[in-house]
file final07.txt (compact mmCIF, C-alpha atoms and all ligand atoms)
# COMPACT_ATOMS: atom_id res chain seq x y z
CA MET A 1 -29.27 38.95 -34.38
CA LYS A 2 -29.29 39.65 -30.65
CA GLN A 3 -26.13 41.36 -29.41
CA LYS A 4 -24.10 38.95 -27.24
CA ARG A 5 -23.06 40.05 -23.78
CA ALA A 6 -19.76 39.10 -22.15
CA LEU A 7 -18.49 39.58 -18.62
CA ILE A 8 -14.69 39.56 -18.23
CA THR A 9 -13.05 39.28 -14.83
CA GLY A 10 -9.45 40.50 -14.88
CA ILE A 11 -10.23 42.96 -17.69
CA THR A 12 -7.42 45.31 -16.57
CA GLY A 13 -4.84 42.54 -17.04
CA GLN A 14 -2.88 41.59 -20.14
CA ASP A 15 -5.35 39.03 -21.48
CA GLY A 16 -8.46 40.88 -20.32
CA SER A 17 -7.57 43.98 -22.30
CA TYR A 18 -6.83 42.04 -25.51
CA LEU A 19 -9.96 39.94 -25.08
CA ALA A 20 -12.10 43.05 -24.57
CA GLU A 21 -10.80 44.51 -27.84
CA PHE A 22 -11.37 41.22 -29.60
CA LEU A 23 -14.97 40.91 -28.38
CA LEU A 24 -15.77 44.54 -29.18
CA LYS A 25 -14.67 43.87 -32.76
CA LYS A 26 -17.13 40.98 -32.75
CA ARG A 27 -19.81 43.44 -31.62
CA TYR A 28 -20.25 42.07 -28.12
CA LYS A 29 -21.49 44.23 -25.29
CA VAL A 30 -18.53 43.96 -22.92
CA TYR A 31 -18.64 44.26 -19.12
CA GLY A 32 -15.54 44.14 -16.96
CA LEU A 33 -15.18 43.38 -13.27
CA VAL A 34 -12.61 45.83 -11.87
CA ARG A 35 -11.20 45.93 -8.35
CA PRO A 36 -11.90 49.21 -6.60
CA ALA A 37 -8.36 49.10 -5.18
CA SER A 38 -6.77 48.38 -8.53
CA THR A 39 -3.73 50.54 -9.20
CA ASP A 40 -4.99 52.85 -11.88
CA PRO A 41 -7.34 50.23 -13.31
CA LEU A 42 -8.89 52.45 -15.91
CA MET A 43 -5.64 53.72 -17.41
CA ARG A 44 -5.13 50.84 -19.79
CA ILE A 45 -8.72 50.87 -20.90
CA GLU A 46 -8.73 54.64 -21.38
CA ARG A 47 -5.48 54.40 -23.28
CA LEU A 48 -7.12 51.89 -25.52
CA SER A 49 -10.07 54.24 -26.03
CA LEU A 50 -12.41 51.57 -24.86
CA ASP A 51 -13.77 53.40 -21.87
CA ARG A 52 -17.05 54.31 -23.45
CA MET A 53 -17.50 50.92 -25.05
CA ILE A 54 -16.80 48.79 -21.99
CA LYS A 55 -18.99 48.90 -18.95
CA ILE A 56 -16.92 48.76 -15.77
CA ILE A 57 -18.45 47.10 -12.72
CA TYR A 58 -16.49 47.46 -9.50
CA GLY A 59 -16.01 44.21 -7.63
CA ASP A 60 -13.62 41.58 -6.38
CA MET A 61 -13.39 37.81 -6.74
CA ARG A 62 -13.30 37.67 -2.93
CA ASP A 63 -16.60 39.50 -2.55
CA ASN A 64 -19.70 37.41 -3.31
CA ASN A 65 -22.08 40.36 -3.32
CA SER A 66 -20.04 42.18 -5.90
CA ILE A 67 -20.03 39.07 -8.09
CA ILE A 68 -23.82 38.77 -7.86
CA ARG A 69 -24.18 42.46 -8.71
CA ALA A 70 -21.85 42.13 -11.68
CA LEU A 71 -23.83 39.15 -12.97
CA GLU A 72 -27.20 40.85 -12.48
CA GLU A 73 -26.05 44.00 -14.21
CA SER A 74 -24.28 42.35 -17.12
CA ARG A 75 -26.61 39.37 -17.66
CA PRO A 76 -23.84 37.70 -19.67
CA ASP A 77 -24.19 35.04 -22.34
CA GLU A 78 -20.48 34.37 -21.92
CA ILE A 79 -18.18 34.77 -18.92
CA TYR A 80 -14.39 34.84 -19.18
CA ASN A 81 -12.78 34.29 -15.80
CA LEU A 82 -9.32 35.84 -16.14
CA GLY A 83 -9.16 37.54 -12.74
CA ALA A 84 -6.44 35.95 -10.62
CA GLN A 85 -3.44 36.37 -8.38
CA SER A 86 -1.40 35.35 -11.40
CA GLN A 87 2.20 35.62 -10.19
CA VAL A 88 3.65 32.21 -9.44
CA GLY A 89 6.56 33.59 -7.38
CA VAL A 90 4.24 35.70 -5.23
CA SER A 91 2.01 32.70 -4.55
CA PHE A 92 4.74 31.18 -2.35
CA GLN A 93 4.51 34.27 -0.12
CA CYS A 94 0.71 34.63 -0.28
CA PRO A 95 -0.69 31.10 -0.64
CA GLU A 96 -4.01 31.81 1.11
CA GLU A 97 -4.72 34.94 -0.87
CA THR A 98 -3.88 33.02 -4.05
CA MET A 99 -6.28 30.19 -3.14
CA GLU A 100 -8.97 32.62 -2.09
CA VAL A 101 -8.98 34.52 -5.38
CA ASN A 102 -8.11 31.78 -7.85
CA TYR A 103 -10.10 28.89 -6.36
CA ASN A 104 -12.84 30.22 -4.08
CA GLY A 105 -13.38 33.28 -6.27
CA PHE A 106 -13.99 31.12 -9.30
CA GLY A 107 -16.27 28.87 -7.22
CA ARG A 108 -18.39 31.88 -6.27
CA LEU A 109 -18.61 33.02 -9.86
CA VAL A 110 -19.58 29.60 -11.22
CA SER A 111 -22.15 28.97 -8.52
CA GLU A 112 -23.85 32.37 -8.83
CA ALA A 113 -23.67 32.52 -12.62
CA THR A 114 -25.19 29.10 -13.23
CA HIS A 115 -27.85 29.77 -10.59
CA LEU A 116 -28.85 32.97 -12.40
CA ASN A 117 -28.65 31.49 -15.89
CA PRO A 118 -28.07 27.75 -16.39
CA GLN A 119 -27.42 28.41 -20.10
CA VAL A 120 -24.44 30.72 -19.48
CA ARG A 121 -21.10 29.73 -21.05
CA ILE A 122 -18.04 30.05 -18.83
CA TYR A 123 -14.35 30.11 -19.75
CA GLN A 124 -11.79 29.40 -17.03
CA ALA A 125 -8.15 30.49 -17.36
CA SER A 126 -6.34 27.28 -16.45
CA SER A 127 -2.58 27.12 -16.84
CA SER A 128 0.35 25.05 -18.06
CA GLU A 129 1.78 25.67 -14.59
CA MET A 130 -0.66 22.93 -13.47
CA PHE A 131 1.59 20.35 -15.20
CA GLY A 132 4.32 21.41 -12.77
CA ASN A 133 6.98 18.76 -12.45
CA VAL A 134 5.90 17.35 -15.79
CA LEU A 135 4.93 13.69 -16.07
CA GLU A 136 5.08 13.58 -19.86
CA THR A 137 6.50 15.71 -22.68
CA PRO A 138 4.97 17.39 -24.58
CA GLN A 139 1.99 18.17 -22.35
CA LYS A 140 -1.51 17.75 -23.75
CA GLU A 141 -5.09 17.65 -22.42
CA THR A 142 -4.67 14.14 -21.01
CA THR A 143 -1.33 14.77 -19.25
CA PRO A 144 -1.79 14.43 -15.46
CA PHE A 145 -1.32 17.56 -13.36
CA ASN A 146 1.57 17.67 -10.91
CA PRO A 147 1.57 21.17 -9.37
CA VAL A 148 4.60 22.51 -7.51
CA SER A 149 3.44 26.00 -6.43
CA PRO A 150 0.48 27.41 -4.46
CA TYR A 151 -0.56 29.18 -7.67
CA ALA A 152 -0.65 25.91 -9.59
CA GLU A 153 -2.48 24.17 -6.74
CA SER A 154 -5.19 26.84 -6.77
CA LYS A 155 -5.60 26.48 -10.52
CA VAL A 156 -5.70 22.66 -10.38
CA LYS A 157 -8.38 22.73 -7.68
CA ALA A 158 -10.44 25.28 -9.61
CA HIS A 159 -10.06 23.17 -12.75
CA ASN A 160 -11.02 19.88 -11.12
CA ASP A 161 -13.83 21.09 -8.85
CA TYR A 162 -15.48 23.84 -10.87
CA VAL A 163 -14.72 22.99 -14.49
CA VAL A 164 -14.56 19.20 -14.72
CA GLU A 165 -16.83 18.20 -11.80
CA TYR A 166 -19.46 20.93 -12.27
CA ARG A 167 -19.66 20.19 -15.96
CA LYS A 168 -20.00 16.46 -15.36
CA ARG A 169 -22.48 16.73 -12.50
CA HIS A 170 -24.70 19.57 -13.71
CA ASN A 171 -24.13 19.59 -17.43
CA PHE A 172 -23.23 23.29 -17.49
CA PHE A 173 -21.23 24.82 -20.33
CA ILE A 174 -17.93 25.40 -18.52
CA CYS A 175 -14.58 24.89 -20.16
CA ALA A 176 -10.95 25.62 -19.52
CA GLY A 177 -8.10 26.74 -21.69
CA ILE A 178 -4.87 25.25 -20.43
CA LEU A 179 -2.77 28.09 -21.72
CA PHE A 180 1.00 28.05 -21.84
CA ASN A 181 2.87 31.31 -21.18
CA HIS A 182 1.81 34.13 -23.44
CA GLU A 183 3.35 37.55 -23.51
CA SER A 184 2.97 40.98 -25.09
CA PRO A 185 3.90 44.63 -24.60
CA ARG A 186 1.08 44.67 -22.01
CA ARG A 187 2.71 41.98 -19.87
CA GLY A 188 3.44 43.13 -16.30
CA ARG A 189 7.12 43.91 -15.65
CA ASN A 190 7.13 41.42 -12.78
CA PHE A 191 7.07 38.59 -15.34
CA VAL A 192 10.40 37.55 -16.77
CA THR A 193 9.85 38.49 -20.42
CA ARG A 194 8.91 42.15 -19.87
CA LYS A 195 11.51 42.41 -17.12
CA ILE A 196 14.15 41.38 -19.65
CA THR A 197 12.99 43.55 -22.56
CA HIS A 198 12.37 46.63 -20.41
CA SER A 199 15.73 46.33 -18.61
CA MET A 200 17.73 45.66 -21.76
CA VAL A 201 16.10 48.53 -23.64
CA LYS A 202 17.02 50.84 -20.75
CA ILE A 203 20.59 49.52 -20.85
CA LYS A 204 20.70 50.05 -24.61
CA LEU A 205 19.51 53.63 -24.15
CA GLY A 206 22.00 54.32 -21.36
CA LEU A 207 19.25 54.69 -18.76
CA GLN A 208 20.36 51.73 -16.64
CA ASP A 209 23.65 49.86 -16.10
CA SER A 210 22.58 46.31 -15.36
CA PHE A 211 19.77 44.09 -14.07
CA GLU A 212 19.30 40.82 -12.17
CA LEU A 213 17.47 37.58 -12.86
CA GLY A 214 16.97 34.22 -11.16
CA ASN A 215 16.90 30.85 -12.91
CA LEU A 216 18.23 31.26 -16.47
CA ASP A 217 17.75 27.59 -17.33
CA ALA A 218 13.96 27.43 -16.86
CA LYS A 219 12.26 26.72 -20.17
CA ARG A 220 8.87 27.99 -21.23
CA ASP A 221 6.62 27.62 -24.27
CA TRP A 222 6.10 31.33 -25.00
CA GLY A 223 3.37 32.60 -27.35
CA TYR A 224 1.73 35.93 -28.17
CA ALA A 225 -1.20 36.95 -25.97
CA LYS A 226 -3.17 38.44 -28.85
CA ASP A 227 -3.20 35.04 -30.59
CA TYR A 228 -4.28 33.30 -27.41
CA VAL A 229 -7.40 35.33 -26.58
CA GLU A 230 -8.93 34.20 -29.86
CA ALA A 231 -8.63 30.60 -28.64
CA MET A 232 -10.58 31.52 -25.48
CA TRP A 233 -13.44 32.83 -27.57
CA LEU A 234 -13.37 29.84 -29.93
CA MET A 235 -13.77 27.46 -26.97
CA LEU A 236 -17.04 29.13 -25.99
CA GLN A 237 -18.38 28.87 -29.56
CA GLN A 238 -18.20 25.06 -29.69
CA LYS A 239 -21.26 22.81 -29.54
CA THR A 240 -20.02 21.13 -26.37
CA PRO A 241 -17.74 22.41 -23.59
CA GLN A 242 -14.24 20.96 -23.88
CA ASP A 243 -10.82 21.83 -22.48
CA PHE A 244 -7.89 22.66 -24.74
CA VAL A 245 -4.15 23.08 -24.46
CA ILE A 246 -3.04 26.31 -26.15
CA SER A 247 0.69 26.56 -26.90
CA THR A 248 3.27 27.07 -29.66
CA GLY A 249 4.99 23.68 -29.40
CA GLU A 250 8.41 25.36 -28.96
CA SER A 251 10.27 25.74 -25.72
CA HIS A 252 13.04 28.27 -24.94
CA SER A 253 15.08 29.03 -21.85
CA VAL A 254 15.16 32.36 -20.02
CA ARG A 255 18.75 32.67 -21.30
CA ASP A 256 17.45 32.24 -24.88
CA PHE A 257 15.01 35.08 -24.23
CA VAL A 258 17.87 37.35 -23.11
CA ASN A 259 19.86 36.41 -26.24
CA ALA A 260 16.87 37.06 -28.52
CA THR A 261 16.30 40.46 -26.89
CA ALA A 262 19.98 41.36 -27.38
CA ASN A 263 19.62 40.33 -30.98
CA ALA A 264 16.51 42.48 -31.48
CA LEU A 265 18.43 45.42 -30.00
CA ASP A 266 21.56 44.74 -32.04
CA MET A 267 23.57 44.29 -28.84
CA LYS A 268 26.44 41.82 -28.68
CA ILE A 269 26.47 40.01 -25.37
CA THR A 270 28.69 37.21 -24.04
CA TRP A 271 28.11 34.84 -21.12
CA HIS A 272 30.73 34.13 -18.44
CA GLY A 273 30.83 31.95 -15.32
CA LYS A 274 28.41 29.36 -14.00
CA GLY A 275 25.46 29.09 -11.58
CA LEU A 276 25.06 32.06 -9.25
CA LYS A 277 28.30 33.54 -10.64
CA GLU A 278 27.07 33.62 -14.22
CA VAL A 279 27.01 37.08 -15.83
CA ALA A 280 26.34 38.57 -19.25
CA LYS A 281 28.63 41.29 -20.58
CA ASP A 282 28.19 43.77 -23.40
CA SER A 283 30.75 44.30 -26.17
CA SER A 284 32.76 46.71 -23.99
CA GLY A 285 33.09 44.05 -21.28
CA LYS A 286 30.67 45.77 -18.89
CA ILE A 287 28.44 43.42 -16.86
CA ILE A 288 24.81 44.00 -17.80
CA LEU A 289 23.21 40.97 -16.11
CA ARG A 290 23.86 39.19 -12.82
CA ILE A 291 22.11 36.38 -11.00
CA ASN A 292 20.38 37.13 -7.71
CA PRO A 293 19.17 34.10 -5.71
CA LYS A 294 16.21 36.12 -4.44
CA TYR A 295 14.59 35.61 -7.84
CA TYR A 296 14.82 31.82 -7.53
CA ARG A 297 11.61 30.06 -6.45
CA PRO A 298 11.35 27.55 -3.59
CA ASN A 299 10.02 25.12 -6.18
CA GLU A 300 10.48 25.52 -9.91
CA VAL A 301 8.78 24.27 -13.05
CA ASN A 302 11.95 23.52 -14.98
CA SER A 303 10.58 22.97 -18.43
CA VAL A 304 7.23 22.92 -20.19
CA LEU A 305 6.31 22.25 -23.78
CA GLY A 306 2.73 22.18 -25.07
CA ASP A 307 1.05 20.06 -27.71
CA SER A 308 -1.96 21.99 -29.01
CA SER A 309 -2.79 19.67 -31.90
CA ARG A 310 -6.30 19.13 -30.53
CA ALA A 311 -6.97 22.87 -30.66
CA LYS A 312 -5.64 22.92 -34.19
CA LYS A 313 -7.97 20.10 -35.21
CA VAL A 314 -11.16 21.10 -33.38
CA LEU A 315 -10.90 24.88 -32.99
CA LYS A 316 -8.87 25.41 -36.17
CA TRP A 317 -6.60 27.52 -33.98
CA GLU A 318 -2.89 27.96 -34.52
CA PRO A 319 -0.35 30.44 -33.12
CA LYS A 320 0.66 33.04 -35.69
CA VAL A 321 3.65 34.72 -34.05
CA THR A 322 7.02 32.97 -33.71
CA PHE A 323 9.36 33.24 -30.71
CA ASP A 324 11.72 35.71 -32.43
CA GLU A 325 8.81 37.83 -33.66
CA LEU A 326 7.33 37.87 -30.14
CA VAL A 327 10.59 39.10 -28.64
CA GLU A 328 10.81 41.79 -31.31
CA ILE A 329 7.25 42.95 -30.78
CA ILE A 330 7.76 43.42 -27.04
CA THR A 331 11.24 44.92 -27.38
CA LYS A 332 10.11 47.38 -30.03
CA ALA A 333 7.18 48.50 -27.88
CA ASP A 334 9.53 49.08 -24.93
CA LEU A 335 11.92 51.01 -27.15
CA GLU A 336 9.10 53.19 -28.37
CA SER A 337 7.66 53.82 -24.94
CA LEU A 338 11.08 54.68 -23.52
CA GLY A 339 11.64 57.13 -26.37
CA GLY A 340 14.47 55.28 -28.04
CA VAL A 341 15.66 55.73 -31.57
CA ILE A 342 14.89 52.44 -33.21
CA GLY A 343 17.74 50.54 -34.72
CA ILE A 344 16.40 47.04 -34.32
CA HIS A 345 15.42 44.36 -36.79
CA LYS A 346 15.00 45.46 -40.40
CA ASP A 347 11.24 44.74 -40.37
CA TYR A 348 10.83 47.56 -37.91
CA ALA A 349 13.40 49.95 -39.36
P1 LIG A 401 -2.61 39.63 -15.26
O1 LIG A 401 -2.13 40.57 -16.33
O2 LIG A 401 -1.82 39.47 -14.03
O3 LIG A 401 -4.10 40.09 -14.88
C1 LIG A 401 -4.76 39.59 -13.75
C2 LIG A 401 -6.08 40.30 -13.61
O4 LIG A 401 -6.76 39.78 -12.47
C3 LIG A 401 -5.93 41.83 -13.39
O5 LIG A 401 -6.96 42.48 -14.11
C4 LIG A 401 -6.16 41.95 -11.88
O6 LIG A 401 -6.68 43.20 -11.52
C5 LIG A 401 -7.23 40.87 -11.69
N1 LIG A 401 -7.36 40.48 -10.29
C6 LIG A 401 -6.40 40.13 -9.41
N2 LIG A 401 -6.93 39.85 -8.20
C7 LIG A 401 -8.27 40.05 -8.32
C8 LIG A 401 -9.36 39.95 -7.41
N3 LIG A 401 -9.18 39.62 -6.13
N4 LIG A 401 -10.61 40.24 -7.87
C9 LIG A 401 -10.81 40.62 -9.15
N5 LIG A 401 -9.80 40.72 -10.06
C10 LIG A 401 -8.55 40.45 -9.65
O7 LIG A 401 -2.83 38.17 -15.85
P2 LIG A 401 -2.95 37.69 -17.38
O8 LIG A 401 -1.59 37.37 -17.86
O9 LIG A 401 -3.81 38.61 -18.14
O10 LIG A 401 -3.67 36.28 -17.18
C11 LIG A 401 -5.10 36.18 -17.19
C12 LIG A 401 -5.50 34.86 -16.56
O11 LIG A 401 -4.92 33.78 -17.26
C13 LIG A 401 -5.08 34.67 -15.11
O12 LIG A 401 -6.09 33.94 -14.47
C14 LIG A 401 -3.82 33.84 -15.19
O13 LIG A 401 -3.64 33.11 -14.00
C15 LIG A 401 -4.15 32.96 -16.37
N6 LIG A 401 -3.01 32.49 -17.18
C16 LIG A 401 -2.13 33.37 -17.71
C17 LIG A 401 -1.11 32.91 -18.52
C18 LIG A 401 -0.11 33.86 -19.12
O14 LIG A 401 0.95 33.38 -19.58
N7 LIG A 401 -0.40 35.14 -19.21
C19 LIG A 401 -1.01 31.54 -18.82
C20 LIG A 401 -1.95 30.68 -18.26
C21 LIG A 401 -2.98 31.16 -17.47
P3 LIG A 401 -5.74 44.46 -11.08
O15 LIG A 401 -5.52 45.25 -12.34
O16 LIG A 401 -6.59 45.15 -10.09
O17 LIG A 401 -4.48 43.90 -10.50
N1 LIG A 402 9.20 36.62 -12.73
C1 LIG A 402 10.52 36.29 -12.83
N2 LIG A 402 11.46 37.21 -12.46
N3 LIG A 402 10.85 35.07 -13.30
C2 LIG A 402 12.17 34.78 -13.42
C3 LIG A 402 13.18 35.67 -13.07
C4 LIG A 402 12.83 36.96 -12.55
O1 LIG A 402 13.64 37.79 -12.21
N4 LIG A 402 14.38 35.09 -13.33
C5 LIG A 402 14.13 33.89 -13.83
N5 LIG A 402 12.78 33.68 -13.87
C6 LIG A 402 12.11 32.44 -14.32
C7 LIG A 402 11.09 31.89 -13.33
O2 LIG A 402 11.75 31.18 -12.27
C8 LIG A 402 10.28 31.00 -14.26
O3 LIG A 402 10.90 29.75 -14.41
C9 LIG A 402 10.34 31.71 -15.62
O4 LIG A 402 11.37 32.72 -15.49
C10 LIG A 402 9.03 32.39 -16.02
O5 LIG A 402 8.58 33.17 -14.93
P1 LIG A 402 7.33 34.19 -15.10
O6 LIG A 402 7.57 35.09 -16.25
O7 LIG A 402 7.11 34.80 -13.77
O8 LIG A 402 6.13 33.25 -15.53
P2 LIG A 402 5.61 31.86 -14.96
O9 LIG A 402 5.92 30.81 -15.98
O10 LIG A 402 6.06 31.61 -13.58
O11 LIG A 402 4.03 32.11 -14.89
C11 LIG A 402 3.31 32.73 -15.96
O12 LIG A 402 2.90 31.75 -16.88
C12 LIG A 402 1.97 30.79 -16.35
C13 LIG A 402 1.65 29.81 -17.46
O13 LIG A 402 2.51 28.72 -17.38
C14 LIG A 402 2.13 33.47 -15.32
O14 LIG A 402 1.51 34.24 -16.34
C15 LIG A 402 1.11 32.51 -14.76
O15 LIG A 402 -0.06 33.25 -14.35
C16 LIG A 402 0.74 31.51 -15.86
O16 LIG A 402 -0.22 30.60 -15.40
call {"tool": "encode", "arguments": {"input": "final07.txt", "output": "structure tokens"}}
result
Amino acid sequence: MKQKRALITGITGQDGSYLAEFLLKKRYKVYGLVRPASTDPLMRIERLSLDRMIKIIYGDMRDNNSIIRALEESRPDEIYNLGAQSQVGVSFQCPEETMEVNYNGFGRLVSEATHLNPQVRIYQASSSEMFGNVLETPQKETTPFNPVSPYAESKVKAHNDYVVEYRKRHNFFICAGILFNHESPRRGRNFVTRKITHSMVKIKLGLQDSFELGNLDAKRDWGYAKDYVEAMWLMLQQKTPQDFVISTGESHSVRDFVNATANALDMKITWHGKGLKEVAKDSSGKIILRINPKYYRPNEVNSVLGDSSRAKKVLKWEPKVTFDELVEIITKADLESLGGVIGIHKDYA
């Protein structure tokens, strides 16, 4: 059988690296679009020993010529568009940059890719953030979008104009995964989960005294990134292009995530005060966590909860890792990388 070829944008990111590994196991020829200005873009891939198996093509979602070159060189059967300005908080400060990369960048890719090969299959990384100020709970494929951040607006526009409209008008194979938050040891430390695990591991090891967070009450449906990249691939293997919600169906607050991390680290913490004055203390009474309003967003998605029963039925996809297991996986990885002596959950002892 002919070897399949895949082009991944955002291959240096969390999902891109897991997807690359997944596709290599399936014997794909994998190409990755990498920004020339990326901070150490090859490190992760080298660390994963994939450097000789993945073909890196330098380019940027903002640069049409580089996209054309990447497409001509890779001649992909499947394209996974994961490249994005993916930080919701940052999108309030850089709305134009966010729109340029996430919306116009995807538009360039879709237009050039389908021009070159009308049979190409394209996956777009849509997001639960698009549900924003949610209009129904739980959120599923038919739930209307109600974005509240520039990031979410860019993703909604990309979804509507280049997934739904393009597919309807031109009959191309383009589909979107509406993925709820998914995390891993490869998650950037600017996202709340890794910020919590990394900070609390440092506190546990005596390398740091305390850390700061914003909104502790926000609730997210957190899954494991490694589970989620399989769903992306499954979507491109269907007979017809369809969009799917991918989630765990469980929602937890940021405060719950802190508690679960403390649990994984065998730390006893207690909460005191309310609102901006709320703090968490360790068993000796020392404050380890404070609230800093600078981490609050101008507009917040307060709570999301996904219903992925359609993915379960059609794709036969289900999340494998529970919330507590996810927290343990990330915490353990941080403990190991920071050189700690592991005394966490018995499964890892
Ligand atoms: P991530 O770790 O932040 O990775 C983003 C990737 O995009 C990085 O490889 C980054 O490259 C690349 N990128 C940024 N700007 C670019 C540009 N102008 N041109 C080309 N590449 C660019 O994100 P992730 O968590 O893996 O998420 C992957 C995709 O899924 C994103 O589109 C995100 O919006 C979406 N999504 C994520 C989640 C989630 O919970 N993780 C949920 C729903 C949707 P550098 O290494 O150079 O920065
Ligand atoms: N980043 C961050 N830093 N978030 C904080 C902090 C903090 O110090 N304190 C509280 N939070 C809250 C945020 O206000 C938000 O409600 C929640 O923690 C999660 O924030 P992030 O981890 O930054 O993720 P996100 O939900 O905004 O966005 C991620 O998931 C989306 C899927 O819904 C990103 O991966 C997006 O790209 C993705 O689309």
call {"tool": "atom_distance", "arguments": {"input": "final07.txt", "atom1": "atom CA of Leu234 of chain A", "atom2": "atom CA of Gly177 of chain A"}}
result
10.3 Å
call {"tool": "closest_residue", "arguments": {"input": "final07.txt", "among": "A:Glu141, A:Glu78, A:Asp221, A:Asp266", "to": "ligand LIG 401 (chain A)", "atoms": "all atoms listed in the file"}}
result
A:Asp221
call {"tool": "axis_aligned_box", "arguments": {"input": "final07.txt", "around": "segment 206-223 of chain A", "padding_each_side": "6 Å", "output": "AutoDock Vina command-line options"}}
result
--center_x 13.5 --center_y 40.7 --center_z -19.3 --size_x 32.3 --size_y 40.0 --size_z 28.2
call {"tool": "residues_near_ligand", "arguments": {"input": "final07.txt", "ligand": "ligand LIG 401 (chain A)", "cutoff": "6 Å", "atoms": "all atoms listed in the file", "output": "PyMOL selection string"}}
result
chain A and resi 9-16+35+38+41+60-62+82-86+101+125-127+179-182
call {"tool": "residues_near_ligand", "arguments": {"input": "final07.txt", "ligand": "ligand LIG 402 (chain A)", "cutoff": "6 Å", "atoms": "all atoms listed in the file", "output": "MDAnalysis selection string"}}
result
chainID A and resid 86:88 127:129 180:181 190:193 213:216 218 254 295:297
call {"tool": "atom_distance", "arguments": {"input": "final07.txt", "atom1": "atom CA of Ser74 of chain A", "atom2": "atom CA of Leu109 of chain A"}}
result
13.1 Å
call {"tool": "closest_atom_pairs", "arguments": {"input": "final07.txt", "of": "segment 220-323 of chain A", "to": "segment 195-206 of chain A", "cutoff": "8 Å", "atoms": "only C-alpha atoms", "output": "Markdown table"}}
result
| residue | atom | partner | partner_atom | distance |
| --- | --- | --- | --- | --- |
| A:Phe257 | CA | A:Ile196 | CA | 7.8 |
| A:Val258 | CA | A:Ile196 | CA | 6.5 |
| A:Thr261 | CA | A:Thr197 | CA | 6.3 |
| A:Ala262 | CA | A:Met200 | CA | 7.4 |
| A:Leu265 | CA | A:Val201 | CA | 7.5 |
| A:Met267 | CA | A:Lys204 | CA | 7.7 |
| A:Ile288 | CA | A:Ile203 | CA | 7.6 |
call {"tool": "residues_near_point", "arguments": {"input": "final07.txt", "point": "(33.8, 45.2, -19.3)", "cutoff": "12 Å", "atoms": "only C-alpha atoms", "output": "PyMOL selection string"}}
result
chain A and resi 209-210+269-272+279-289
call {"tool": "atom_distance", "arguments": {"input": "final07.txt", "atom1": "atom CA of Asp217 of chain A", "atom2": "atom CA of Arg186 of chain A"}}
result
24.3 Å
call {"tool": "residues_near_point", "arguments": {"input": "final07.txt", "point": "(21.0, 38.3, -13.5)", "cutoff": "6 Å", "atoms": "all atoms listed in the file", "output": "number ranges by chain"}}
result
A: 211-213, 289-292
call {"tool": "decode", "arguments": {"input": "final07.txt", "residues": "segment 49-70 of chain A", "atoms": "C-alpha atoms", "output": "mmCIF file, in the first residue's frame"}}
result
data_model
loop_
_atom_site.group_PDB
_atom_site.id
_atom_site.type_symbol
_atom_site.label_atom_id
_atom_site.label_comp_id
_atom_site.auth_asym_id
_atom_site.auth_seq_id
_atom_site.Cartn_x
_atom_site.Cartn_y
_atom_site.Cartn_z
ATOM 1 C CA SER A 49 14.323 11.198 18.489
ATOM 2 C CA LEU A 50 12.072 12.024 15.621
ATOM 3 C CA ASP A 51 14.401 14.384 13.839
ATOM 4 C CA ARG A 52 15.415 11.950 11.163
ATOM 5 C CA MET A 53 11.901 10.648 10.675
ATOM 6 C CA ILE A 54 10.136 13.990 10.364
ATOM 7 C CA LYS A 55 10.859 16.371 7.555
ATOM 8 C CA ILE A 56 10.943 19.957 8.794
ATOM 9 C CA ILE A 57 9.852 22.691 6.391
ATOM 10 C CA TYR A 58 10.442 26.237 7.571
ATOM 11 C CA GLY A 59 7.440 28.506 7.187
ATOM 12 C CA ASP A 60 4.782 30.574 8.865
ATOM 13 C CA MET A 61 0.988 30.677 8.695
ATOM 14 C CA ARG A 62 1.348 34.384 7.871
ATOM 15 C CA ASP A 63 3.525 33.747 4.834
ATOM 16 C CA ASN A 64 1.664 32.459 1.765
ATOM 17 C CA ASN A 65 4.801 31.554 -0.162
ATOM 18 C CA SER A 66 6.054 29.380 2.639
ATOM 19 C CA ILE A 67 2.702 27.602 2.770
ATOM 20 C CA ILE A 68 2.802 26.914 -0.975
ATOM 21 C CA ARG A 69 6.361 25.622 -0.659
ATOM 22 C CA ALA A 70 5.414 23.373 2.238
#
